[in-house]
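Undergrad: Got a file for you: input01.csv, CSV, C-alpha atoms.
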```csv
chain,number,residue,atom,x,y,z
A,5,MET,CA,-76.6,173.4,63.6
A,6,ASN,CA,-75.0,175.8,61.2
A,7,LEU,CA,-74.7,178.5,63.9
A,8,LEU,CA,-73.0,176.0,66.3
A,9,ASN,CA,-70.6,174.9,63.5
A,10,LYS,CA,-69.7,178.6,62.9
A,11,ILE,CA,-69.0,179.2,66.6
A,12,LYS,CA,-66.8,176.1,66.8
A,13,MET,CA,-64.8,177.2,63.7
A,14,GLN,CA,-64.3,180.6,65.2
A,15,LYS,CA,-62.9,179.1,68.4
A,16,GLU,CA,-60.6,176.7,66.5
A,17,GLU,CA,-59.1,179.2,64.1
A,18,PRO,CA,-57.1,181.3,66.6
A,19,ASN,CA,-55.3,178.1,67.8
A,20,LYS,CA,-54.1,177.2,64.3
A,21,ALA,CA,-50.5,178.3,63.6
A,22,PRO,CA,-50.0,180.2,60.4
A,23,PRO,CA,-48.6,178.0,57.6
A,24,GLU,CA,-44.8,178.3,57.3
A,25,VAL,CA,-43.6,180.0,54.2
A,26,PRO,CA,-40.5,178.4,52.5
A,27,VAL,CA,-37.3,180.5,52.6
A,28,TYR,CA,-35.8,181.2,49.2
A,29,TRP,CA,-32.3,182.6,48.5
A,30,ILE,CA,-29.7,182.7,45.7
A,31,GLU,CA,-26.1,181.6,46.3
A,32,ALA,CA,-23.4,182.9,43.9
A,33,SER,CA,-19.8,181.7,43.7
A,34,ASP,CA,-17.3,181.8,40.8
A,35,SER,CA,-19.9,183.3,38.4
A,36,VAL,CA,-22.3,180.4,39.1
A,37,SER,CA,-25.6,180.8,40.9
A,38,ARG,CA,-28.1,178.5,42.4
A,39,HIS,CA,-31.6,179.0,43.8
A,40,PHE,CA,-32.1,177.3,47.1
A,41,SER,CA,-35.0,176.9,49.5
A,42,PHE,CA,-35.9,175.3,52.8
A,43,GLN,CA,-39.3,173.7,52.6
A,44,PRO,CA,-41.7,173.8,55.6
A,45,ASP,CA,-40.7,170.2,56.4
A,46,GLY,CA,-37.0,171.2,56.6
A,47,ARG,CA,-35.9,169.7,53.3
A,48,LEU,CA,-33.4,171.6,51.2
A,49,SER,CA,-34.2,171.9,47.5
A,50,VAL,CA,-32.3,173.4,44.6
A,51,LEU,CA,-34.7,175.3,42.4
A,52,LYS,CA,-32.5,176.5,39.6
A,53,ASP,CA,-28.9,176.2,38.5
A,54,GLY,CA,-27.1,178.7,36.3
A,55,MET,CA,-25.6,182.1,36.1
A,56,GLN,CA,-28.4,184.0,34.4
A,57,HIS,CA,-30.4,184.4,37.6
A,58,VAL,CA,-28.0,186.8,39.4
A,59,GLY,CA,-26.4,188.5,36.5
A,60,LYS,CA,-26.6,192.0,37.9
A,61,LEU,CA,-25.6,190.9,41.4
A,62,ILE,CA,-22.5,189.1,40.2
A,63,CYS,CA,-21.5,192.0,37.9
A,64,SER,CA,-21.8,194.4,40.7
A,65,ASN,CA,-19.3,192.4,42.8
A,66,LEU,CA,-17.0,191.2,40.0
A,67,GLY,CA,-14.4,193.8,40.6
A,68,ALA,CA,-14.1,192.8,44.3
A,69,ARG,CA,-13.7,189.2,43.3
A,70,MET,CA,-11.0,189.8,40.7
A,71,ASP,CA,-8.7,191.5,43.1
A,72,SER,CA,-9.4,189.1,46.0
A,73,GLU,CA,-5.9,187.8,46.7
A,74,PRO,CA,-3.4,189.6,44.4
A,75,LYS,CA,-0.4,188.7,46.5
A,76,ARG,CA,-1.0,185.0,46.1
A,77,TRP,CA,-1.4,185.4,42.4
A,78,ARG,CA,1.9,187.2,42.1
A,79,ILE,CA,3.7,184.5,44.0
A,80,LEU,CA,2.0,181.9,41.7
A,81,ALA,CA,3.2,183.8,38.7
A,82,ASP,CA,6.8,183.7,39.8
A,83,VAL,CA,6.6,180.0,40.7
A,84,LEU,CA,5.2,179.2,37.3
A,85,TYR,CA,8.0,181.3,35.6
A,86,ASP,CA,10.7,179.5,37.5
A,87,LEU,CA,9.1,176.1,36.7
A,88,GLY,CA,9.0,177.0,33.0
A,89,THR,CA,12.7,178.1,33.1
A,90,GLY,CA,13.6,174.8,34.8
A,91,LEU,CA,11.8,172.7,32.2
A,92,GLU,CA,13.6,174.6,29.4
A,93,VAL,CA,17.0,173.9,31.1
A,94,LEU,CA,16.1,170.2,31.5
A,95,SER,CA,14.8,169.7,28.0
A,96,PRO,CA,18.2,168.9,26.5
A,97,LEU,CA,18.5,166.0,29.0
A,98,CYS,CA,15.5,164.3,27.4
A,99,PRO,CA,16.2,164.2,23.6
A,100,HIS,CA,13.3,161.9,22.9
A,101,LEU,CA,10.9,164.3,24.7
A,102,PHE,CA,12.7,167.5,23.9
A,103,LEU,CA,9.8,169.2,22.2
A,104,GLU,CA,7.2,168.1,24.8
A,105,VAL,CA,9.4,169.3,27.8
A,106,ALA,CA,10.3,172.6,26.1
A,107,GLY,CA,6.7,173.1,25.2
A,108,LEU,CA,5.6,172.6,28.8
A,109,GLY,CA,8.2,175.1,29.9
A,110,ASN,CA,7.0,177.7,27.4
A,111,PHE,CA,3.4,177.0,28.5
A,112,ALA,CA,4.3,177.5,32.2
A,113,LYS,CA,6.0,180.8,31.5
A,114,GLY,CA,3.1,181.9,29.4
A,115,MET,CA,0.7,181.1,32.3
A,116,ALA,CA,3.0,183.1,34.6
A,117,VAL,CA,2.6,186.1,32.4
A,118,VAL,CA,-1.2,185.7,32.4
A,119,ALA,CA,-1.2,185.5,36.2
A,120,ALA,CA,1.1,188.5,36.6
A,121,ARG,CA,-1.0,190.6,34.3
A,122,ALA,CA,-4.2,189.5,36.1
A,123,THR,CA,-3.0,190.7,39.5
A,124,ARG,CA,-0.9,193.8,38.5
A,125,LEU,CA,-3.9,196.2,38.2
A,126,PRO,CA,-5.7,195.0,41.4
A,127,ILE,CA,-2.5,195.5,43.5
A,128,TYR,CA,-2.0,199.0,42.3
A,129,SER,CA,-5.7,200.0,42.4
A,130,SER,CA,-5.7,200.6,46.1
A,131,PHE,CA,-2.6,202.7,45.9
A,132,ALA,CA,-4.2,204.9,43.3
A,133,LYS,CA,-6.7,206.1,45.9
A,134,GLU,CA,-3.7,207.3,48.0
A,135,GLY,CA,-2.2,209.2,45.1
A,136,ASN,CA,1.2,207.4,45.3
A,137,LEU,CA,0.8,205.1,42.2
A,138,SER,CA,3.5,206.9,40.3
A,139,ASP,CA,5.9,206.6,43.2
A,140,LEU,CA,5.3,202.9,43.4
A,141,PHE,CA,5.9,202.4,39.7
A,142,ALA,CA,9.0,204.6,39.6
A,143,LYS,CA,10.6,202.8,42.6
A,144,GLY,CA,9.7,199.4,41.4
A,145,GLU,CA,11.1,200.0,37.9
A,146,ALA,CA,14.3,201.5,39.3
A,147,ILE,CA,15.0,198.5,41.6
A,148,SER,CA,14.0,196.1,38.9
A,149,THR,CA,16.4,197.6,36.4
A,150,LEU,CA,19.3,197.6,38.9
A,151,PHE,CA,18.8,194.0,39.8
A,152,ASN,CA,18.4,193.0,36.1
A,153,VAL,CA,21.9,194.4,35.4
A,154,VAL,CA,23.4,192.7,38.5
A,155,GLY,CA,21.6,189.5,37.6
A,156,MET,CA,22.9,189.5,34.1
A,157,GLY,CA,26.5,189.9,35.4
A,158,ALA,CA,26.0,187.1,37.9
A,159,GLY,CA,24.4,184.9,35.3
A,160,ILE,CA,27.3,185.3,32.9
A,161,GLN,CA,29.8,184.5,35.7
A,162,LEU,CA,27.8,181.4,36.8
A,163,ALA,CA,27.3,180.2,33.2
A,164,SER,CA,31.1,180.2,32.6
A,165,THR,CA,32.0,178.5,36.0
A,166,ILE,CA,29.6,176.5,38.2
A,167,CYS,CA,26.8,176.1,35.6
A,168,SER,CA,29.0,175.0,32.8
A,169,SER,CA,28.0,171.4,33.6
A,170,ILE,CA,24.6,169.8,33.9
A,171,GLN,CA,25.2,169.0,37.5
A,172,GLY,CA,26.0,172.6,38.3
A,173,LYS,CA,22.7,173.7,36.6
A,174,MET,CA,20.8,171.1,38.6
A,175,ILE,CA,22.1,172.5,41.8
A,176,VAL,CA,22.2,176.3,41.1
A,177,GLY,CA,18.8,176.4,39.3
A,178,PRO,CA,16.6,175.3,42.2
A,179,LEU,CA,18.6,177.4,44.7
A,180,LEU,CA,18.1,180.6,42.5
A,181,SER,CA,14.4,179.8,42.2
A,182,ILE,CA,14.0,179.6,45.9
A,183,VAL,CA,15.8,182.9,46.3
A,184,HIS,CA,13.6,184.4,43.6
A,185,VAL,CA,10.3,183.2,45.3
A,186,CYS,CA,11.5,184.3,48.8
A,187,SER,CA,12.4,187.8,47.3
A,188,VAL,CA,9.0,188.1,45.8
A,189,ILE,CA,7.3,187.2,49.1
A,190,GLU,CA,9.4,189.9,50.9
A,191,GLU,CA,8.5,192.4,48.1
A,192,MET,CA,4.8,191.7,48.5
A,193,ARG,CA,5.1,192.0,52.3
A,194,ALA,CA,6.8,195.4,51.9
A,195,THR,CA,3.8,196.7,50.0
A,196,PRO,CA,1.0,197.8,52.3
A,197,VAL,CA,-2.4,197.0,50.8
A,198,ASN,CA,-5.3,199.1,52.4
A,199,THR,CA,-8.2,197.1,51.1
A,200,LEU,CA,-9.9,194.6,53.5
A,201,ASN,CA,-9.8,190.9,53.0
A,202,PRO,CA,-10.6,188.1,55.5
A,203,GLN,CA,-7.1,187.9,57.0
A,204,ARG,CA,-6.5,191.6,57.3
A,205,THR,CA,-10.0,192.1,58.7
A,206,ALA,CA,-9.4,189.4,61.3
A,207,MET,CA,-6.1,191.0,62.4
A,208,VAL,CA,-7.6,194.5,62.6
A,209,VAL,CA,-10.6,193.2,64.7
A,210,ALA,CA,-8.3,191.1,67.0
A,211,ASP,CA,-6.1,194.1,67.7
A,212,PHE,CA,-9.1,196.3,68.5
A,213,VAL,CA,-10.8,193.8,70.8
A,214,LYS,CA,-7.6,193.0,72.7
A,215,SER,CA,-6.1,196.5,73.0
A,216,GLY,CA,-8.6,199.0,71.6
A,217,LYS,CA,-6.1,200.1,69.0
A,218,ILE,CA,-6.4,200.1,65.2
A,219,SER,CA,-3.5,198.8,63.1
A,220,SER,CA,-2.7,200.6,59.9
A,221,PRO,CA,-2.0,198.8,56.6
A,222,ALA,CA,1.7,199.4,57.1
A,223,ASP,CA,1.5,197.8,60.6
A,224,LEU,CA,0.0,194.6,59.3
A,225,ARG,CA,2.0,194.1,56.1
A,226,TYR,CA,4.7,191.9,57.8
A,227,HIS,CA,2.2,189.9,59.8
A,228,GLU,CA,0.1,188.6,56.8
A,229,ASP,CA,0.5,184.9,56.0
A,230,LEU,CA,0.7,185.0,52.2
A,231,LEU,CA,1.0,181.2,51.8
A,232,PHE,CA,-1.8,180.2,54.2
A,233,PRO,CA,-4.1,183.2,54.5
A,234,GLY,CA,-7.1,181.2,55.7
A,235,ARG,CA,-5.8,180.6,59.2
A,236,LEU,CA,-8.3,181.3,62.0
A,237,ILE,CA,-7.6,184.0,64.6
A,238,GLU,CA,-9.0,183.2,68.0
A,239,ASP,CA,-9.1,186.8,69.3
A,240,ALA,CA,-11.2,187.8,66.2
A,241,GLY,CA,-13.8,185.1,66.8
A,242,ASN,CA,-12.3,182.2,64.7
A,243,VAL,CA,-14.4,183.5,61.7
A,244,LYS,CA,-14.7,181.6,58.5
A,245,VAL,CA,-16.2,183.6,55.6
A,246,GLY,CA,-17.6,182.4,52.3
A,247,ARG,CA,-19.1,179.0,53.0
A,248,ALA,CA,-22.3,178.3,51.2
A,249,LEU,CA,-25.4,179.4,53.2
A,250,HIS,CA,-27.2,176.0,52.8
A,251,LYS,CA,-24.1,174.2,54.3
A,252,VAL,CA,-24.0,176.5,57.3
A,253,PHE,CA,-27.6,176.8,58.5
A,254,THR,CA,-30.6,174.6,59.3
A,255,PRO,CA,-34.1,176.0,58.7
A,256,SER,CA,-34.7,176.8,62.4
A,257,LYS,CA,-31.2,178.3,62.8
A,258,LEU,CA,-31.6,180.5,59.7
A,259,ARG,CA,-34.9,181.9,61.0
A,260,GLU,CA,-33.4,182.5,64.4
A,261,VAL,CA,-30.4,184.4,63.0
A,262,LYS,CA,-32.4,186.4,60.5
A,263,ASP,CA,-34.5,187.7,63.5
A,264,ILE,CA,-31.3,188.9,65.2
A,265,PHE,CA,-29.6,190.5,62.2
A,266,GLN,CA,-32.7,191.8,60.4
A,267,GLU,CA,-31.1,195.0,58.9
A,268,GLU,CA,-27.7,193.5,58.3
A,269,LYS,CA,-26.0,192.1,55.2
A,270,PHE,CA,-24.4,189.3,57.0
A,271,LEU,CA,-25.4,186.2,58.9
A,272,LEU,CA,-23.5,184.5,61.7
A,273,ASN,CA,-23.6,180.9,62.9
A,274,VAL,CA,-21.5,180.1,66.0
A,275,GLY,CA,-20.1,176.6,66.0
A,276,ASN,CA,-17.9,174.7,68.4
A,277,LYS,CA,-14.6,175.3,66.5
A,278,TRP,CA,-15.3,178.4,64.5
A,279,THR,CA,-18.0,180.9,63.5
A,280,ASP,CA,-19.3,181.0,60.0
A,281,MET,CA,-20.1,184.4,58.4
A,282,VAL,CA,-22.1,184.5,55.2
A,283,LEU,CA,-22.3,187.8,53.3
A,284,GLU,CA,-25.0,189.2,51.1
A,285,GLN,CA,-24.0,189.7,47.5
A,286,ASN,CA,-23.6,193.5,47.8
A,287,ALA,CA,-22.0,193.5,51.3
A,288,SER,CA,-19.2,196.0,51.7
A,289,GLY,CA,-16.1,196.1,53.9
A,290,GLU,CA,-18.2,197.9,56.6
A,291,ASP,CA,-20.7,195.0,56.6
A,292,ALA,CA,-17.9,192.5,57.0
A,293,LEU,CA,-16.4,194.5,59.8
A,294,ARG,CA,-19.7,194.6,61.6
A,295,GLY,CA,-20.2,190.9,61.4
A,296,TRP,CA,-16.6,190.2,62.4
A,297,LEU,CA,-16.8,192.5,65.4
A,298,VAL,CA,-20.0,190.7,66.6
A,299,ALA,CA,-18.3,187.3,66.3
A,300,ALA,CA,-15.2,188.6,68.2
A,301,TYR,CA,-17.4,190.0,71.0
A,302,ALA,CA,-19.5,186.8,71.1
A,303,ALA,CA,-16.4,184.7,71.4
A,304,SER,CA,-15.1,186.8,74.4
A,305,MET,CA,-18.5,186.8,76.1
A,306,ASP,CA,-19.0,183.0,75.6
A,307,LYS,CA,-15.9,182.3,77.8
A,308,SER,CA,-17.5,184.0,80.8
A,309,SER,CA,-21.2,183.4,80.1
A,310,HIS,CA,-23.4,180.3,80.5
A,311,GLY,CA,-26.3,181.7,78.5
A,312,SER,CA,-27.5,180.4,75.1
A,313,SER,CA,-25.7,181.1,71.9
A,314,THR,CA,-28.6,183.3,70.8
A,315,ALA,CA,-28.5,185.4,73.9
A,316,VAL,CA,-24.8,185.8,73.5
A,317,LEU,CA,-25.1,186.9,69.9
A,318,GLN,CA,-27.8,189.4,70.8
A,319,ASP,CA,-25.5,190.9,73.5
A,320,ALA,CA,-22.5,191.0,71.2
A,321,TYR,CA,-24.7,192.7,68.5
A,322,LEU,CA,-25.7,195.4,70.9
A,323,LYS,CA,-22.1,195.9,72.0
A,324,MET,CA,-21.0,196.1,68.4
A,325,ASN,CA,-23.6,198.8,67.6
A,326,SER,CA,-22.4,200.9,70.5
A,327,SER,CA,-18.7,200.9,69.5
A,328,PHE,CA,-18.8,200.6,65.7
A,329,ASP,CA,-19.0,204.3,64.7
A,330,SER,CA,-15.8,205.2,66.6
A,331,PHE,CA,-14.2,202.0,65.4
A,332,LEU,CA,-15.0,202.7,61.7
A,333,SER,CA,-13.9,206.4,61.8
A,334,GLU,CA,-10.6,205.5,63.4
A,335,LEU,CA,-10.1,202.7,60.9
A,336,GLN,CA,-10.7,205.0,57.9
A,337,ALA,CA,-8.3,207.6,59.5
A,338,LYS,CA,-5.6,204.9,59.5
A,339,GLY,CA,-6.0,204.6,55.7
A,340,TRP,CA,-8.2,201.6,55.3
A,341,HIS,CA,-10.7,201.5,52.5
A,342,THR,CA,-14.0,200.0,53.6
A,343,ASP,CA,-16.1,200.3,50.4
A,344,ARG,CA,-15.2,196.8,49.3
A,345,PHE,CA,-14.5,193.4,50.9
A,346,LEU,CA,-12.2,191.0,49.0
A,347,ASP,CA,-13.4,187.5,49.9
A,348,GLY,CA,-12.0,185.7,46.9
A,349,THR,CA,-13.9,182.8,45.6
A,350,GLY,CA,-16.2,182.5,48.6
A,351,SER,CA,-20.0,182.1,48.3
A,352,ARG,CA,-22.4,185.0,48.8
A,353,PHE,CA,-26.2,185.0,48.9
A,354,ALA,CA,-29.2,187.2,48.0
A,355,TRP,CA,-32.8,186.8,49.3
```
For the file at hand, write its structure as structure tokens.
TA:
Amino acid sequence: MNLLNKIKMQKEEPNKAPPEVPVYWIEASDSVSRHFSFQPDGRLSVLKDGMQHVGKLICSNLGARMDSEPKRWRILADVLYDLGTGLEVLSPLCPHLFLEVAGLGNFAKGMAVVAARATRLPIYSSFAKEGNLSDLFAKGEAISTLFNVVGMGAGIQLASTICSSIQGKMIVGPLLSIVHVCSVIEEMRATPVNTLNPQRTAMVVADFVKSGKISSPADLRYHEDLLFPGRLIEDAGNVKVGRALHKVFTPSKLREVKDIFQEEKFLLNVGNKWTDMVLEQNASGEDALRGWLVAAYAASMDKSSHGSSTAVLQDAYLKMNSSFDSFLSELQAKGWHTDRFLDGTGSRFAW
């Protein structure tokens, strides 16, 4: 009987599927990390919560996060400064709340200074690589000094005429603030930034897929949307980057995509309205470009193909690998820096 039992056991063992191993990963966003896992039954569980678990990973990418969107911070700084100035002008109209309103004005102007200082170094860091940092400072200071002198003269003239009354101040103040913010926006547009972020990457990939040409930082500077940078670009695959991995993938989809992009530092999930791309913690600009190019190729193939999304992704991945080297070399020749990718406060992951 023992011999028969052993023979039966040997016949049954090959038919048994190996037990599924839970998938573990770490998600980091805004200096906070969480340990996640998909259990074999498909349930999502949060194992740990805190920032100690990915200390080195977060520190390695902290520089890229700090200078994620310097242009928006600069605009915010100017809006805060104008708001603070407006509150200071209005404070005499509220005698019973004079100190509170004036204090809020000073606070807003102080926050404006903090925002401006936080973004000043990241903006100029990309220019330092090109060797024209001193030129940028010299031209900026010369123009600033000129307009400060002109502004003083105009301010004295307005103060003695139109702005001599409260009604005049209420009219001229907002108008000048609007002119100030619009001028700052144009100033930021005129400054080409050669580090990749989601919007610039999408525009570069869209131009390449449509025409085979690579746009330079100077070409794209007036096409960037500084106020709404998260808009989707159809020709670049309608890619959204930075969503949490556990919100994007189901257990089966995660295993499927991992099999396709085994050696990559990105994962793609093609949806009906957009494609989600999630980056590993130490992914660079080159990794983001590879993923974005796959998404763009997949979007163009999907329009003319009736195959499964997995087959389309595999074909797009092969096409990306065949064209990426020439794409990257031309991109760098145009002056783009691909060593970092500035995805702001988006979430990244680590296995």
Undergrad: In Å, with one decimal, what is the gap from CA of Gln266 (chain A) to CA of Pro44 (chain A)?
TA: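 Taking CA of Gln266 (chain A) as the start and CA of Pro44 (chain A) as the end point, the length is 20.7 Å.
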Undergrad: Go through A:Gly241, A:Asp329, A:His341, A:Pro255 and flag the residue nearest Ser288 (chain A), using only C-alpha atoms for the distances.
TA: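 The answer is A:His341, which sits nearest to Ser288 (chain A).
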Undergrad: Report, in Å with one decimal, the straight-line distance from CA of Ser351 (chain A) to CA of Ala292 (chain A).
TA: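 Between CA of Ser351 (chain A) and CA of Ala292 (chain A) the gap is 13.7 Å.
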Undergrad: If I take CA of Leu346 (chain A) and CA of Met207 (chain A), how far is one from the other in Å, to one decimal?
TA: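 CA of Met207 (chain A) lies 14.7 Å from CA of Leu346 (chain A).
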Undergrad: Closest to Tyr301 (chain A) among A:Lys214, A:Arg235, A:Lys269, A:Lys244, using only C-alpha atoms?
TA: A:Lys214
Undergrad: With distances taken over only C-alpha atoms, which of A:Gln161, A:Ser169, A:Ser187, A:Thr254 is nearest to Val27 (chain A)?
TA: A:Thr254
Undergrad: Find, counting all atoms listed in the file, the residue in A:Ala320, A:Leu297, A:Met305, A:Leu200 that gets nearest to Gly348 (chain A).
TA: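 Answer, going by the shortest atom-to-atom distance: A:Leu200.
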Undergrad: Counting only C-alpha atoms, figure out which residue out of A:Ala315, A:Arg38, A:Asn242, A:Trp340 gets nearest to Pro196 (chain A).
TA: A:Trp340
Undergrad: Which polymer residues, protein or nucleic acid, are no farther than 12 Å from (-34.0, 177.8, 60.3), counting only C-alpha atoms, as a list in words?
TA: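 With a cut-off of 12 Å, the residues come to Glu24, Val25, Pro26, Val27, Tyr28, Ser41, Phe42, Gln43, Pro44, Asp45, Gly46, Arg47, Leu48, Leu249, His250, Val252, Phe253, Thr254, Pro255, Ser256, Lys257, Leu258, Arg259, Glu260, Val261, Lys262, Asp263 and Asn273 of chain A.
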Undergrad: Counting only C-alpha atoms, which residue out of A:Leu317, A:Leu230, A:Leu332, A:Ala240 sits closest to Phe265 (chain A)?
TA: A:Leu317
Undergrad: Within 12 Å of Ser330 (chain A), counting only C-alpha atoms, which residues qualify if same-chain residues fewer than 4 places away don't, as a PDB file with C-alpha atoms, keeping the file's coordinate frame?
TA:
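Result file is around.pdb:
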```
ATOM      1  CA  PHE A 212      -9.100 196.300  68.500  1.00  0.00           C
ATOM      2  CA  GLY A 216      -8.600 199.000  71.600  1.00  0.00           C
ATOM      3  CA  LYS A 217      -6.100 200.100  69.000  1.00  0.00           C
ATOM      4  CA  ILE A 218      -6.400 200.100  65.200  1.00  0.00           C
ATOM      5  CA  MET A 324     -21.000 196.100  68.400  1.00  0.00           C
ATOM      6  CA  ASN A 325     -23.600 198.800  67.600  1.00  0.00           C
ATOM      7  CA  SER A 326     -22.400 200.900  70.500  1.00  0.00           C
ATOM      8  CA  GLU A 334     -10.600 205.500  63.400  1.00  0.00           C
ATOM      9  CA  LEU A 335     -10.100 202.700  60.900  1.00  0.00           C
ATOM     10  CA  GLN A 336     -10.700 205.000  57.900  1.00  0.00           C
ATOM     11  CA  ALA A 337      -8.300 207.600  59.500  1.00  0.00           C
TER      12      ALA A 337
END
```
Undergrad: Taking N, CA, C and O atoms as the atom set, what does region 169-182 of chain A look like once completed, written as a short mmCIF file (atom, residue, chain, number, x, y, z; two decimals), in the frame of the given file?
TA:
```
data_model
loop_
_atom_site.label_atom_id
_atom_site.label_comp_id
_atom_site.auth_asym_id
_atom_site.auth_seq_id
_atom_site.Cartn_x
_atom_site.Cartn_y
_atom_site.Cartn_z
N SER A 169 28.40 172.84 33.69
CA SER A 169 28.00 171.40 33.60
C SER A 169 26.54 171.26 33.98
O SER A 169 25.95 172.13 34.63
N ILE A 170 25.98 170.12 33.56
CA ILE A 170 24.60 169.80 33.90
C ILE A 170 24.38 169.72 35.38
O ILE A 170 23.38 170.20 35.93
N GLN A 171 25.36 169.09 36.06
CA GLN A 171 25.20 169.00 37.50
C GLN A 171 25.17 170.32 38.20
O GLN A 171 24.39 170.52 39.15
N GLY A 172 25.99 171.26 37.71
CA GLY A 172 26.00 172.60 38.30
C GLY A 172 24.63 173.29 38.06
O GLY A 172 24.10 173.96 38.96
N LYS A 173 24.07 173.12 36.87
CA LYS A 173 22.70 173.70 36.60
C LYS A 173 21.67 173.11 37.49
O LYS A 173 20.78 173.82 37.96
N MET A 174 21.75 171.79 37.72
CA MET A 174 20.80 171.10 38.60
C MET A 174 20.81 171.62 40.00
O MET A 174 19.80 171.64 40.70
N ILE A 175 22.00 172.03 40.46
CA ILE A 175 22.10 172.50 41.80
C ILE A 175 21.77 173.99 41.94
O ILE A 175 21.01 174.41 42.80
N VAL A 176 22.33 174.80 41.03
CA VAL A 176 22.20 176.30 41.10
C VAL A 176 20.74 176.68 40.75
O VAL A 176 20.17 177.59 41.36
N GLY A 177 20.13 176.00 39.75
CA GLY A 177 18.80 176.40 39.30
C GLY A 177 17.76 176.41 40.40
O GLY A 177 17.10 177.43 40.63
N PRO A 178 17.58 175.29 41.12
CA PRO A 178 16.60 175.30 42.20
C PRO A 178 16.93 176.32 43.30
O PRO A 178 16.02 176.95 43.86
N LEU A 179 18.20 176.48 43.62
CA LEU A 179 18.60 177.40 44.70
C LEU A 179 18.19 178.86 44.27
O LEU A 179 17.64 179.62 45.07
N LEU A 180 18.48 179.21 43.01
CA LEU A 180 18.10 180.60 42.50
C LEU A 180 16.61 180.73 42.50
O LEU A 180 16.10 181.83 42.77
N SER A 181 15.87 179.66 42.16
CA SER A 181 14.40 179.80 42.20
C SER A 181 13.86 180.02 43.55
O SER A 181 12.94 180.82 43.73
N ILE A 182 14.44 179.34 44.55
CA ILE A 182 14.00 179.60 45.90
C ILE A 182 14.29 181.00 46.36
O ILE A 182 13.45 181.66 46.98
#
```
